[in-house]
Structures are given as structure tokens and as C-alpha cells.
$ cat target32.txt   # compact mmCIF, C-alpha atoms and all ligand atoms
# COMPACT_ATOMS: atom_id res chain seq x y z
CA MET A 260 176.43 168.33 95.04
CA SER A 261 175.89 170.65 92.07
CA ASP A 262 178.30 173.24 93.56
CA LEU A 263 181.07 170.66 93.96
CA ALA A 264 184.38 171.95 92.57
CA THR A 265 185.71 170.15 89.51
CA ASP A 266 189.41 170.74 90.13
CA TRP A 267 191.10 168.91 93.03
CA GLU A 268 194.56 168.19 94.36
CA VAL A 269 193.69 164.53 94.79
CA ILE A 270 190.83 162.35 93.54
CA VAL A 271 190.34 158.86 94.96
CA ILE A 272 188.17 156.42 92.99
CA GLY A 273 186.43 154.13 95.48
CA GLY A 274 185.68 154.86 99.13
CA GLY A 275 186.16 151.35 100.61
CA PRO A 276 188.81 150.68 103.29
CA ALA A 277 191.67 151.56 100.93
CA GLY A 278 190.17 154.73 99.40
CA ALA A 279 188.66 156.11 102.60
CA THR A 280 192.01 155.64 104.35
CA VAL A 281 193.94 157.40 101.58
CA ALA A 282 191.42 160.27 101.83
CA ARG A 283 191.69 160.41 105.62
CA TYR A 284 195.48 160.87 105.55
CA VAL A 285 195.49 163.25 102.57
CA ALA A 286 192.88 165.42 104.30
CA GLU A 287 194.76 165.18 107.61
CA GLY A 288 197.76 166.59 105.71
CA GLY A 289 195.64 169.59 104.78
CA ARG A 290 195.13 168.71 101.10
CA LYS A 291 191.97 168.94 99.00
CA VAL A 292 190.68 165.44 98.30
CA LEU A 293 187.52 164.13 96.63
CA VAL A 294 186.42 160.49 96.84
CA ILE A 295 184.10 159.29 94.06
CA ASP A 296 182.18 156.05 94.62
CA GLY A 297 179.51 154.27 92.61
CA ARG A 298 177.66 153.11 95.72
CA ASP A 299 175.31 154.96 98.02
CA PRO A 300 175.87 154.45 100.87
CA ILE A 301 179.46 153.28 100.55
CA GLY A 302 179.85 149.83 102.12
CA SER A 303 176.46 148.43 101.06
CA PRO A 304 175.59 145.78 100.14
CA LEU A 305 177.79 143.52 102.29
CA GLN A 306 180.50 141.63 100.37
CA CYS A 307 182.69 140.15 103.10
CA GLY A 308 183.46 137.42 105.62
CA GLU A 309 183.85 140.29 108.15
CA LEU A 310 186.84 138.88 110.07
CA VAL A 311 189.84 141.05 110.91
CA PRO A 312 192.69 140.38 113.33
CA SER A 313 192.70 142.40 116.55
CA ASN A 314 195.24 145.23 116.69
CA ASP A 315 197.55 143.09 118.88
CA GLU A 316 197.29 140.26 116.36
CA MET A 317 198.07 142.76 113.57
CA ARG A 318 201.23 143.83 115.42
CA ARG A 319 202.33 140.18 115.47
CA LEU A 320 201.32 139.56 111.84
CA CYS A 321 202.84 142.77 110.43
CA PRO A 322 205.66 143.70 112.84
CA ASP A 323 207.10 146.47 110.64
CA VAL A 324 203.87 148.45 110.42
CA PRO A 325 204.01 151.40 112.86
CA GLU A 326 201.17 152.94 114.90
CA ILE A 327 198.56 150.25 114.32
CA ASP A 328 196.21 151.78 116.92
CA ASP A 329 196.12 155.09 115.07
CA LEU A 330 195.39 153.35 111.77
CA LEU A 331 192.86 150.75 112.91
CA GLN A 332 190.35 152.46 115.16
CA THR A 333 187.35 150.14 115.08
CA PRO A 334 184.42 151.67 116.98
CA ASP A 335 182.26 149.44 119.20
CA GLY A 336 179.29 149.92 116.87
CA ALA A 337 181.23 148.20 114.07
CA ILE A 338 182.16 145.18 116.20
CA SER A 339 179.81 142.19 116.18
CA LYS A 340 181.92 139.83 118.30
CA ARG A 341 185.46 139.30 119.57
CA THR A 342 186.93 135.83 119.15
CA SER A 343 189.98 134.23 120.73
CA GLU A 344 190.44 130.98 118.83
CA MET A 345 190.91 129.90 115.22
CA HIS A 346 190.26 126.36 114.02
CA ILE A 347 191.94 125.06 110.88
CA VAL A 348 189.64 122.27 109.82
CA PRO A 349 190.64 119.45 107.41
CA PRO A 350 187.98 117.35 105.62
CA SER A 351 187.75 114.96 108.62
CA GLY A 352 186.21 117.83 110.64
CA ARG A 353 188.83 117.36 113.40
CA PRO A 354 190.30 120.87 113.84
CA LEU A 355 193.76 122.11 114.71
CA ARG A 356 193.09 124.78 117.36
CA TYR A 357 195.10 128.01 117.69
CA PRO A 358 194.81 131.05 119.92
CA PHE A 359 193.83 133.95 117.66
CA GLU A 360 192.38 137.31 118.67
CA GLY A 361 189.92 138.24 115.97
CA ILE A 362 187.24 140.87 115.53
CA MET A 363 184.03 139.98 113.73
CA LEU A 364 182.91 143.24 112.17
CA ASN A 365 179.62 144.64 111.16
CA ARG A 366 181.38 145.39 107.89
CA VAL A 367 178.72 147.76 106.59
CA ALA A 368 178.97 149.88 109.76
CA HIS A 369 182.77 149.61 109.62
CA ASP A 370 183.01 151.02 106.11
CA GLU A 371 180.50 153.77 106.92
CA TRP A 372 182.66 154.71 109.91
CA LEU A 373 185.79 154.97 107.72
CA VAL A 374 183.89 157.39 105.46
CA GLU A 375 182.82 159.44 108.51
CA LEU A 376 186.40 159.51 109.80
CA ALA A 377 187.78 160.76 106.47
CA SER A 378 184.95 163.32 106.20
CA SER A 379 185.70 164.58 109.70
CA LYS A 380 189.27 165.34 108.54
CA GLY A 381 187.94 167.33 105.57
CA ALA A 382 187.69 164.79 102.72
CA GLN A 383 184.71 165.25 100.39
CA PHE A 384 182.66 162.33 99.07
CA LEU A 385 180.64 162.07 95.86
CA THR A 386 178.53 158.89 95.98
CA ASN A 387 176.26 157.16 93.48
CA SER A 388 178.74 158.22 90.80
CA HIS A 389 180.44 155.58 88.67
CA VAL A 390 183.87 156.38 87.20
CA GLU A 391 184.06 155.29 83.59
CA SER A 392 187.67 156.12 82.81
CA VAL A 393 190.74 158.11 83.77
CA SER A 394 193.14 159.89 81.46
CA GLY A 395 196.07 162.02 82.65
CA GLU A 396 194.57 164.45 85.18
CA SER A 397 190.93 163.82 84.11
CA VAL A 398 188.38 161.53 85.71
CA ILE A 399 185.34 160.87 83.54
CA LEU A 400 182.08 159.66 85.06
CA ARG A 401 179.53 157.41 83.38
CA ASP A 402 177.05 160.31 83.31
CA GLY A 403 179.55 162.47 81.42
CA ARG A 404 180.71 164.72 84.26
CA GLN A 405 184.47 165.35 84.43
CA PHE A 406 186.78 166.17 87.32
CA THR A 407 190.50 166.89 87.36
CA ALA A 408 193.24 166.34 89.93
CA ARG A 409 197.03 166.45 90.19
CA VAL A 410 197.07 162.95 91.70
CA ILE A 411 194.48 160.24 91.01
CA VAL A 412 194.20 157.11 93.15
CA GLY A 413 192.61 153.86 91.94
CA ALA A 414 190.99 152.29 95.00
CA ALA A 415 187.97 150.77 93.28
CA GLY A 416 188.75 147.15 94.10
CA HIS A 417 189.34 144.31 91.70
CA ASN A 418 187.58 146.08 88.75
CA ASP A 419 189.32 149.41 89.23
CA PRO A 420 189.17 151.50 86.04
CA ILE A 421 192.78 152.74 86.30
CA ARG A 422 194.10 149.21 86.84
CA ARG A 423 191.90 147.95 83.97
CA ASP A 424 192.96 150.60 81.43
CA HIS A 425 196.54 151.47 82.37
CA TRP A 426 198.08 148.32 83.87
CA ASP A 427 198.41 145.08 81.92
CA GLU A 428 199.31 142.75 84.81
CA SER A 429 196.67 140.06 85.27
CA GLY A 430 196.08 138.21 88.52
CA LEU A 431 194.22 135.30 90.05
CA LYS A 432 190.76 136.18 91.36
CA ILE A 433 188.86 133.73 93.53
CA PRO A 434 185.06 133.81 93.24
CA ILE A 435 183.29 133.65 96.59
CA LYS A 436 179.74 133.05 97.80
CA PHE A 437 178.67 133.59 101.37
CA VAL A 438 175.60 133.79 103.60
CA LEU A 439 174.59 135.19 106.95
CA MET A 440 172.89 132.44 108.93
CA ASP A 441 171.01 132.56 112.22
CA GLY A 442 171.92 130.09 114.98
CA ASP A 443 174.61 129.26 117.51
CA PHE A 444 178.05 128.70 115.99
CA GLY A 445 180.28 128.61 119.08
CA GLU A 446 183.22 130.91 119.74
CA ALA A 447 185.98 129.96 117.30
CA VAL A 448 186.47 131.22 113.75
CA GLU A 449 186.91 128.26 111.40
CA LEU A 450 188.80 127.90 108.11
CA HIS A 451 188.02 124.65 106.26
CA PHE A 452 190.40 123.17 103.68
CA GLY A 453 189.98 120.25 101.29
CA SER A 454 187.76 119.10 98.43
CA MET A 455 184.84 121.17 99.79
CA ALA A 456 186.68 124.26 98.44
CA PRO A 457 189.32 123.23 95.85
CA GLY A 458 192.22 125.70 95.66
CA GLY A 459 190.51 128.00 98.18
CA TYR A 460 188.78 127.53 101.51
CA ALA A 461 185.46 127.66 103.27
CA TRP A 462 184.82 129.62 106.46
CA VAL A 463 182.44 129.72 109.40
CA PHE A 464 182.83 132.94 111.37
CA PRO A 465 180.48 133.30 114.38
CA LYS A 466 178.96 136.74 114.85
CA GLY A 467 177.20 138.31 117.83
CA ARG A 468 174.11 136.71 116.35
CA GLY A 469 174.45 133.83 113.87
CA ALA A 470 177.45 133.45 111.58
CA ASN A 471 178.99 134.51 108.30
CA ILE A 472 179.62 131.35 106.25
CA GLY A 473 181.31 131.30 102.84
CA VAL A 474 183.17 129.32 100.22
CA GLY A 475 185.86 130.41 97.72
CA ILE A 476 187.35 128.15 95.05
CA GLN A 477 189.85 128.21 92.20
CA LYS A 478 187.80 127.26 89.15
CA LYS A 479 190.72 125.50 87.47
CA PHE A 480 190.73 122.92 90.28
CA SER A 481 186.96 122.37 90.48
CA ASN A 482 186.51 119.84 87.63
CA GLY A 483 183.66 121.85 86.12
CA LYS A 484 181.60 121.86 89.34
CA SER A 485 180.18 125.31 90.01
CA LEU A 486 180.78 127.51 93.04
CA ASN A 487 177.03 127.44 93.67
CA VAL A 488 177.13 123.68 94.11
CA PHE A 489 180.17 123.79 96.40
CA THR A 490 178.48 126.47 98.50
CA GLU A 491 175.15 124.67 98.80
CA GLU A 492 176.95 121.42 99.70
CA PHE A 493 178.95 123.15 102.41
CA LEU A 494 175.85 124.85 103.79
CA THR A 495 174.05 121.50 104.20
CA GLY A 496 176.27 121.03 107.28
CA TYR A 497 174.45 123.93 108.99
CA ASP A 498 170.72 124.31 109.53
CA GLY A 499 169.98 127.91 110.58
CA GLU A 500 167.83 130.32 108.63
CA ILE A 501 169.72 132.19 105.90
CA THR A 502 169.10 135.91 106.28
CA PHE A 503 171.41 137.25 103.56
CA ARG A 504 173.21 135.92 100.49
CA GLY A 505 176.20 137.63 98.92
CA ALA A 506 179.01 137.07 96.45
CA GLY A 507 182.26 138.68 95.41
CA SER A 508 185.70 138.16 94.04
CA LEU A 509 188.99 138.21 95.93
CA PRO A 510 192.38 138.94 94.31
CA MET A 511 194.70 136.15 95.42
CA SER A 512 197.98 136.71 93.56
CA GLY A 513 199.34 139.14 96.13
CA THR A 514 200.57 142.61 95.23
CA ILE A 515 201.35 143.57 91.65
CA ASP A 516 204.87 144.73 90.71
CA CYS A 517 204.28 148.47 90.57
CA PHE A 518 201.63 150.66 92.23
CA VAL A 519 202.54 153.98 90.60
CA LYS A 520 202.52 155.23 87.00
CA GLY A 521 202.94 158.97 86.49
CA ASN A 522 200.29 160.71 88.63
CA HIS A 523 198.21 157.50 89.06
CA LEU A 524 198.45 155.23 92.13
CA LEU A 525 196.73 151.95 92.94
CA VAL A 526 195.87 150.86 96.47
CA GLY A 527 193.95 148.04 98.19
CA ASP A 528 192.45 145.24 96.09
CA SER A 529 193.27 147.09 92.86
CA ALA A 530 196.97 146.67 93.74
CA GLY A 531 196.48 143.08 94.99
CA MET A 532 196.84 144.02 98.68
CA VAL A 533 195.25 140.85 100.00
CA LEU A 534 197.35 138.29 101.89
CA PRO A 535 196.68 135.22 99.73
CA SER A 536 197.43 132.66 102.46
CA ASN A 537 194.53 133.86 104.66
CA GLY A 538 192.40 136.22 102.54
CA ALA A 539 192.98 139.24 104.80
CA GLY A 540 192.29 142.37 102.74
CA ILE A 541 190.58 145.00 104.90
CA THR A 542 193.43 145.85 107.26
CA ILE A 543 196.05 145.37 104.53
CA ALA A 544 194.19 147.82 102.26
CA MET A 545 194.23 150.31 105.13
CA ILE A 546 197.98 149.88 105.64
CA GLY A 547 198.47 150.61 101.93
CA GLY A 548 195.99 153.48 102.13
CA ARG A 549 197.87 155.22 104.92
CA ILE A 550 201.23 154.92 103.14
CA ALA A 551 199.71 156.19 99.87
CA GLY A 552 197.96 159.10 101.61
CA GLN A 553 201.07 160.21 103.49
CA THR A 554 203.25 159.93 100.38
CA ILE A 555 200.80 162.02 98.36
CA VAL A 556 200.91 164.76 101.00
CA SER A 557 204.74 164.84 100.88
CA HIS A 558 204.59 164.82 97.08
CA LEU A 559 202.29 167.85 97.00
CA GLU A 560 204.22 169.66 99.73
CA ASN A 561 207.83 169.14 98.70
CA GLY A 562 207.92 167.13 95.50
CA THR A 563 208.69 163.72 97.04
CA SER A 564 208.45 161.08 94.32
CA LEU A 565 205.19 159.11 94.40
CA HIS A 566 207.34 155.97 94.05
CA GLU A 567 208.24 156.46 97.74
CA TYR A 568 204.84 154.82 98.33
CA GLU A 569 206.18 151.55 96.86
CA VAL A 570 209.44 151.84 98.79
CA GLU A 571 207.62 152.37 102.10
CA TRP A 572 205.10 149.60 101.36
CA ASN A 573 207.98 147.19 100.74
CA ARG A 574 209.64 148.25 103.99
CA GLN A 575 206.46 147.74 106.04
CA MET A 576 204.81 144.83 104.22
CA GLY A 577 207.32 143.31 101.75
CA PRO A 578 208.41 140.29 103.83
CA VAL A 579 204.86 139.50 105.03
CA MET A 580 203.48 139.64 101.47
CA ARG A 581 206.39 137.56 100.11
CA ASN A 582 205.85 134.83 102.72
CA SER A 583 202.12 134.86 102.14
CA LYS A 584 202.58 134.41 98.38
CA ILE A 585 204.93 131.46 98.94
CA SER A 586 202.53 129.91 101.46
CA PHE A 587 199.62 130.27 99.06
CA ARG A 588 201.52 128.66 96.17
CA VAL A 589 202.65 125.73 98.31
CA GLY A 590 199.24 125.53 100.00
CA SER A 591 197.37 125.48 96.66
CA TRP A 592 199.42 122.45 95.67
CA ILE A 593 198.96 120.66 99.01
CA MET A 594 195.22 121.35 99.13
CA ARG A 595 194.74 119.50 95.83
CA LEU A 596 195.81 116.25 97.47
CA PRO A 597 193.02 113.75 98.23
CA ASP A 598 191.08 114.40 101.42
CA TRP A 599 192.45 111.28 103.14
CA ILE A 600 196.01 112.59 102.71
CA LEU A 601 195.00 116.03 103.99
CA ASN A 602 193.40 114.40 107.02
CA MET A 603 196.73 112.75 107.80
CA ALA A 604 198.72 115.87 106.96
CA PHE A 605 196.86 118.08 109.48
CA ASN A 606 198.20 116.56 112.70
CA PRO A 607 199.91 117.64 115.94
CA VAL A 608 203.37 117.39 114.33
CA THR A 609 202.50 119.63 111.37
CA LYS A 610 200.37 121.97 113.50
CA PRO A 611 203.06 124.69 113.95
CA PHE A 612 203.93 124.63 110.22
CA VAL A 613 200.27 125.02 109.24
CA TRP A 614 200.04 128.08 111.48
CA ARG A 615 203.18 129.59 109.96
CA PHE A 616 201.58 129.24 106.52
CA VAL A 617 198.35 130.92 107.58
CA THR A 618 200.07 133.76 109.44
CA CYS A 619 202.52 134.59 106.62
CA ARG A 620 205.73 133.58 108.36
CA LYS A 621 208.53 131.74 106.60
CA PRO A 622 206.94 128.29 106.31
CA PHE A 623 210.01 126.30 107.38
CA PHE A 624 211.59 128.65 109.92
CA ILE A 625 214.70 129.22 107.71
CA PHE A 626 213.30 129.85 104.21
C1 LIG A 701 183.13 137.69 99.69
C2 LIG A 701 184.36 138.33 100.28
C3 LIG A 701 184.72 138.04 101.59
C4 LIG A 701 185.82 138.68 102.16
N1 LIG A 701 186.12 138.46 103.47
C5 LIG A 701 187.12 139.15 104.08
C6 LIG A 701 187.36 139.00 105.47
O1 LIG A 701 186.68 138.26 106.18
N2 LIG A 701 188.38 139.73 106.01
C7 LIG A 701 189.17 140.57 105.25
O2 LIG A 701 190.09 141.20 105.80
N3 LIG A 701 188.94 140.71 103.93
C8 LIG A 701 187.94 140.05 103.33
N4 LIG A 701 187.69 140.23 101.99
C9 LIG A 701 188.55 141.15 101.23
C10 LIG A 701 188.18 142.58 101.51
O3 LIG A 701 186.80 142.78 101.39
C11 LIG A 701 188.91 143.49 100.51
O4 LIG A 701 190.27 143.14 100.47
C12 LIG A 701 188.76 144.96 100.91
O5 LIG A 701 187.42 145.35 100.86
C13 LIG A 701 189.59 145.82 99.97
O6 LIG A 701 189.26 147.19 100.14
P1 LIG A 701 189.29 148.18 98.90
O7 LIG A 701 188.98 149.51 99.46
O8 LIG A 701 190.54 147.99 98.13
O9 LIG A 701 188.12 147.69 97.93
P2 LIG A 701 186.55 147.63 98.17
O10 LIG A 701 186.22 147.39 99.57
O11 LIG A 701 186.06 146.66 97.14
O12 LIG A 701 186.02 149.09 97.79
C14 LIG A 701 186.01 149.53 96.46
C15 LIG A 701 185.02 150.67 96.34
O13 LIG A 701 185.12 151.19 95.01
C16 LIG A 701 183.83 151.43 94.49
N5 LIG A 701 183.91 151.32 93.04
C17 LIG A 701 184.19 150.23 92.30
N6 LIG A 701 184.24 150.53 90.99
C18 LIG A 701 183.96 151.86 90.91
C19 LIG A 701 183.90 152.77 89.82
N7 LIG A 701 184.15 152.39 88.56
N8 LIG A 701 183.56 154.05 90.08
C20 LIG A 701 183.33 154.47 91.36
N9 LIG A 701 183.42 153.65 92.42
C21 LIG A 701 183.75 152.36 92.20
C22 LIG A 701 182.95 150.38 95.13
O14 LIG A 701 181.60 150.83 95.17
C23 LIG A 701 183.57 150.25 96.52
O15 LIG A 701 182.95 151.10 97.46
C24 LIG A 701 186.60 139.59 101.40
C25 LIG A 701 186.25 139.85 100.06
C26 LIG A 701 185.15 139.23 99.51
C27 LIG A 701 184.78 139.55 98.08
$ encode --input "target32.txt" --output "C-alpha cells"
Amino acid sequence: MSDLATDWEVIVIGGGPAGATVARYVAEGGRKVLVIDGRDPIGSPLQCGELVPSNDEMRRLCPDVPEIDDLLQTPDGAISKRTSEMHIVPPSGRPLRYPFEGIMLNRVAHDEWLVELASSKGAQFLTNSHVESVSGESVILRDGRQFTARVIVGAAGHNDPIRRDHWDESGLKIPIKFVLMDGDFGEAVELHFGSMAPGGYAWVFPKGRGANIGVGIQKKFSNGKSLNVFTEEFLTGYDGEITFRGAGSLPMSGTIDCFVKGNHLLVGDSAGMVLPSNGAGITIAMIGGRIAGQTIVSHLENGTSLHEYEVEWNRQMGPVMRNSKISFRVGSWIMRLPDWILNMAFNPVTKPFVWRFVTCRKPFFIF
């Protein structure tokens, strides 16, 4: 890497789903793009529940997003299992069952594939290189190296250095712990709500082998009890061997107000592109990544304003994100009710409303 150029048209900080997708579309547009990531390889270690909706489900969830099949090309090697049912499980353990086409990923393989895809279009990657700060057209690494670019994209997740230093909007982050566990966990993906995960939820997502099981909470609702304790309590319900333990943090306030300042753009988790009502972030980051990448190409080619990225995001994802934010706010309030009320509230009459909340539709059909 010693002969790597220092001056680029575009630098992307972070090569996760958001950054790799920006790079793919910038490179596809024939522009010089460098992705800098602190990890090596990108995608490891695992920090994910690994569930994404199928492409058909994505078309239903995000009807204004075009060409889903071009954007979301998940290779067989990155798929652990396909599922066709989702259970929403109240504290009683008696689930509401919904048809839902999901893909359980091998997330590590998935993120490696996105890097390969972007590389195959001509994007360059510099790994094992932590970005310390960004100023104007300069990107400064922790080891002192400096790179420059006309456009710099912050795609480094919830601790992105551009978001940290140049944006002052704060947001809710939900701490999460999860495990991979061996055993037989059936066919349905499960989301559990109630006092086992105050202000958040727990999940059990069956994989080809074993399951990914996790818990996320809002600390302000946990009465001083730690996430560790909630996680261990939830795991007592399952008795397979734990083969991996992981943790992370999920932005749950929805998108921030502006994604662009001067020649700096934010995308993915750094811009809050997670649907708070269901925690979906991978595919949403890729939707944002494609719009950002295509806008940057137009900007470099004919001077299109980078703010077109925000306009196009709002056209494709505005209503879905708005509904998801409302659902999360209402849901956070409802989920604080005592378990016995939740058990009554999750019933055949409320079943369609619960599904509208989870899938980011207007909760009450009219507003
Ligand atoms: C525990 C957990 C479970 C989740 N489960 C799901 C799920 O089941 N389904 C789903 O859709 N979403 C899930 N999410 C959310 C999803 O993982 C994120 O929304 C998604 O990864 C966002 O992609 P991104 O590219 O914006 O950020 P990331 O995937 O976080 O990628 C950021 C990249 O930036 C790099 N980076 C960070 N800081 C620097 C720096 N200073 N310098 C250089 N590089 C840097 C990192 O190494 C990383 O490669 C989960 C999140 C967590 C934490």
C-alpha cells in the first residue's frame, strides 16, 4: 500500500454496508474512490443479529426504492437460512405469527462480498487504518498519514469521526449484547417485547446451524439493571452451547436532519439510517449508500448539488422513516406497561396494528 495515491476524488471512511455501497456506485460512475477502514478484514468481528428482509419483502417495506435487485445482490455464500415467518412474542410467550420472508445472513461473508463487489468496480480499499479526524479536504489517520479528496463520506457507523466533530445532533443509541448458540431453534424469526428488554427488544433468529440471540435495552427504562443481566436472564430460556459472544450499539432515533455539510456527507448508521421500529440497518444503509454514491458522481460530473442526496433520500425513504420513528416513539411508551397488560394487548384484534408498527406503515391506517 506504500504506493497508494494520497489525492482522491472521493474518500469514504468505513467500508461496512453503507461505505462499500457508496464506493461501488462512485466507482461504477468511473470516479476515483478510496475506502479507509480501521478493521482488517472489513466485517470482522461479527456485530449483528444478521436478519435482513428478502428483496420482495424490501419492495413491500420500501415501495419507493427502485431497482432493489440491483442494489441487494446477496450471494448464496452469504446466506445462512431463508425464513418465512416472524413471531412477535409478548412476555406470555404466546406469539402473534406473521408471514415474513427473511434472509439470515452470514454477516461476515456478506460484508466481505460488498467489499469485493466495490473492488471489482474499481474502488480501492485501505484497511487496518483508523481515521482520527477530517478537516476540509484532508483525512488524517491515527498513524499520521494524510489523504485528500474533493468529497469525503462519513460511513464509519455510530462513532463516525465526521459526525462526531462536525455535527452536533445527538441521538439515542441502544446497547446490544448477542450470542451465537448451537441447537435447533425452529423456522421462525422471533422478536420478544416486554420487561425482558425494557425500551428495546430481544431476538431469536434461527440460522442454518444454531441461532443468533440478542437483547437491546434503553438504559433509562432499566431501573439500574445492567444489559449483561438482562441478556443472561433471557439466555436462560435456551440451553445450547454458546459459540460466540458479541456486543454493539444501534442508533435508534432515525435519520438526523441533514446529511450534507460542504463537501462532507454522512451515510448509514452515522446518519441514523436504521428503522427504529424494527432495527433494520443493513439494507437501509445500502439504500442510502447508493443514493449518496450516485449523487457524488453527478456532482463531480456536472456540478449537481450534494444536497440532492437528501432530496432523493426523502423521496425514496422519507415516509417509511417517518412512520418508523412514530411507531418507535409510541412503541417505547407501550412497551413500558406491565407485562400483564402487554400480554392482553398482543391479541388477535391488535395483531394487524402491531404488524403495521413493525413494518413502518402508518400505525392507524389514516395517520
Ligand atoms: C448487535 C447489533 C445487531 C444488529 N442486528 C441487525 C440485524 O439483524 N439486521 C439489520 O439490518 N441490522 C442490524 N444491525 C444494524 C446494522 O449492523 C447497521 O445498521 C449497519 O451495519 C450499518 O452499516 P454502516 O456501514 O453504516 O456501519 P458499520 O457496519 O458499523 O460499518 C462501519 C465501518 O466503519 C469502520 N470504522 C469505524 N470507525 C472508523 C474510523 N475512525 N476509521 C476507519 N474506519 C472506521 C468500521 O471498522 C466498520 O467497518 C445490528 C447492529 C448491532 C450493533
$ closest_residue --input "target32.txt" --among "A:Leu559, A:Ile546, A:Val294, A:Val570" --to "Cys321 of chain A" --atoms "all atoms listed in the file"
A:Ile546
$ atom_distance --input "target32.txt" --atom1 "atom CA of Ser429 of chain A" --atom2 "atom CA of Ser529 of chain A"
10.9 Å
$ closest_residue --input "target32.txt" --among "A:Val463, A:Ala456, A:Met532, A:Ala368" --to "ligand LIG 701 (chain A)" --atoms "all atoms listed in the file"
A:Met532
$ closest_residue --input "target32.txt" --among "A:Pro597, A:Pro325, A:Pro434, A:Pro354" --to "Gly459 of chain A" --atoms "only C-alpha atoms"
A:Pro434
$ closest_residue --input "target32.txt" --among "A:Ile327, A:Val533, A:Ile543, A:Val271" --to "Val398 of chain A" --atoms "only C-alpha atoms"
A:Val271
$ residues_around --input "target32.txt" --residues "Trp267 of chain A" --least-positions-apart "3" --cutoff "7 Å" --atoms "only C-alpha atoms" --output "number ranges by chain"
A: 270, 291-293, 407-408
$ closest_residue --input "target32.txt" --among "A:Lys610, A:Arg353, A:Arg504, A:His523" --to "Val438 of chain A" --atoms "all atoms listed in the file"
A:Arg504
$ decode --input "target32.txt" --residues "segment 349-373 of chain A" --atoms "N, CA and C atoms" --output "short mmCIF file (atom, residue, chain, number, x, y, z; two decimals), in the first residue's frame"
data_model
loop_
_atom_site.label_atom_id
_atom_site.label_comp_id
_atom_site.auth_asym_id
_atom_site.auth_seq_id
_atom_site.Cartn_x
_atom_site.Cartn_y
_atom_site.Cartn_z
N PRO A 349 -44.98 -11.59 23.08
CA PRO A 349 -45.12 -10.83 24.32
C PRO A 349 -44.56 -11.64 25.50
N PRO A 350 -44.54 -11.08 26.70
CA PRO A 350 -43.94 -11.79 27.84
C PRO A 350 -44.58 -13.15 28.11
N SER A 351 -45.84 -13.34 27.76
CA SER A 351 -46.51 -14.64 27.99
C SER A 351 -45.85 -15.75 27.19
N GLY A 352 -45.13 -15.41 26.12
CA GLY A 352 -44.52 -16.43 25.26
C GLY A 352 -45.47 -16.89 24.17
N ARG A 353 -46.72 -16.38 24.16
CA ARG A 353 -47.68 -16.79 23.11
C ARG A 353 -47.57 -15.81 21.94
N PRO A 354 -46.98 -16.27 20.81
CA PRO A 354 -46.63 -15.31 19.74
C PRO A 354 -47.80 -14.93 18.85
N LEU A 355 -47.70 -13.72 18.27
CA LEU A 355 -48.50 -13.38 17.10
C LEU A 355 -47.64 -13.78 15.90
N ARG A 356 -48.25 -14.52 14.96
CA ARG A 356 -47.46 -15.09 13.84
C ARG A 356 -47.78 -14.34 12.55
N TYR A 357 -46.73 -13.98 11.81
CA TYR A 357 -46.91 -13.25 10.55
C TYR A 357 -46.07 -13.89 9.45
N PRO A 358 -46.60 -13.93 8.23
CA PRO A 358 -45.72 -14.34 7.12
C PRO A 358 -44.66 -13.27 6.91
N PHE A 359 -43.42 -13.66 6.79
CA PHE A 359 -42.33 -12.69 6.59
C PHE A 359 -41.17 -13.41 5.93
N GLU A 360 -40.82 -12.97 4.73
CA GLU A 360 -39.68 -13.58 4.03
C GLU A 360 -38.40 -12.90 4.49
N GLY A 361 -37.61 -13.64 5.25
CA GLY A 361 -36.36 -13.06 5.74
C GLY A 361 -35.16 -13.86 5.26
N ILE A 362 -34.01 -13.22 5.28
CA ILE A 362 -32.75 -13.90 4.99
C ILE A 362 -31.87 -13.79 6.22
N MET A 363 -31.46 -14.94 6.75
CA MET A 363 -30.45 -14.94 7.81
C MET A 363 -29.10 -14.98 7.11
N LEU A 364 -28.33 -13.92 7.33
CA LEU A 364 -27.03 -13.80 6.65
C LEU A 364 -25.94 -14.52 7.42
N ASN A 365 -24.86 -14.83 6.73
CA ASN A 365 -23.54 -14.92 7.36
C ASN A 365 -22.99 -13.53 7.18
N ARG A 366 -23.18 -12.69 8.20
CA ARG A 366 -22.91 -11.25 8.03
C ARG A 366 -21.46 -10.98 7.67
N VAL A 367 -20.54 -11.76 8.24
CA VAL A 367 -19.13 -11.52 7.94
C VAL A 367 -18.89 -11.73 6.44
N ALA A 368 -19.42 -12.85 5.91
CA ALA A 368 -19.26 -13.13 4.47
C ALA A 368 -19.97 -12.08 3.64
N HIS A 369 -21.12 -11.61 4.13
CA HIS A 369 -21.90 -10.59 3.41
C HIS A 369 -21.09 -9.32 3.25
N ASP A 370 -20.48 -8.85 4.36
CA ASP A 370 -19.74 -7.59 4.27
C ASP A 370 -18.47 -7.75 3.43
N GLU A 371 -17.86 -8.95 3.49
CA GLU A 371 -16.68 -9.19 2.65
C GLU A 371 -17.07 -9.14 1.17
N TRP A 372 -18.26 -9.68 0.88
CA TRP A 372 -18.74 -9.68 -0.50
C TRP A 372 -18.99 -8.26 -1.01
N LEU A 373 -19.53 -7.38 -0.13
CA LEU A 373 -19.76 -6.00 -0.56
C LEU A 373 -18.44 -5.30 -0.89
#
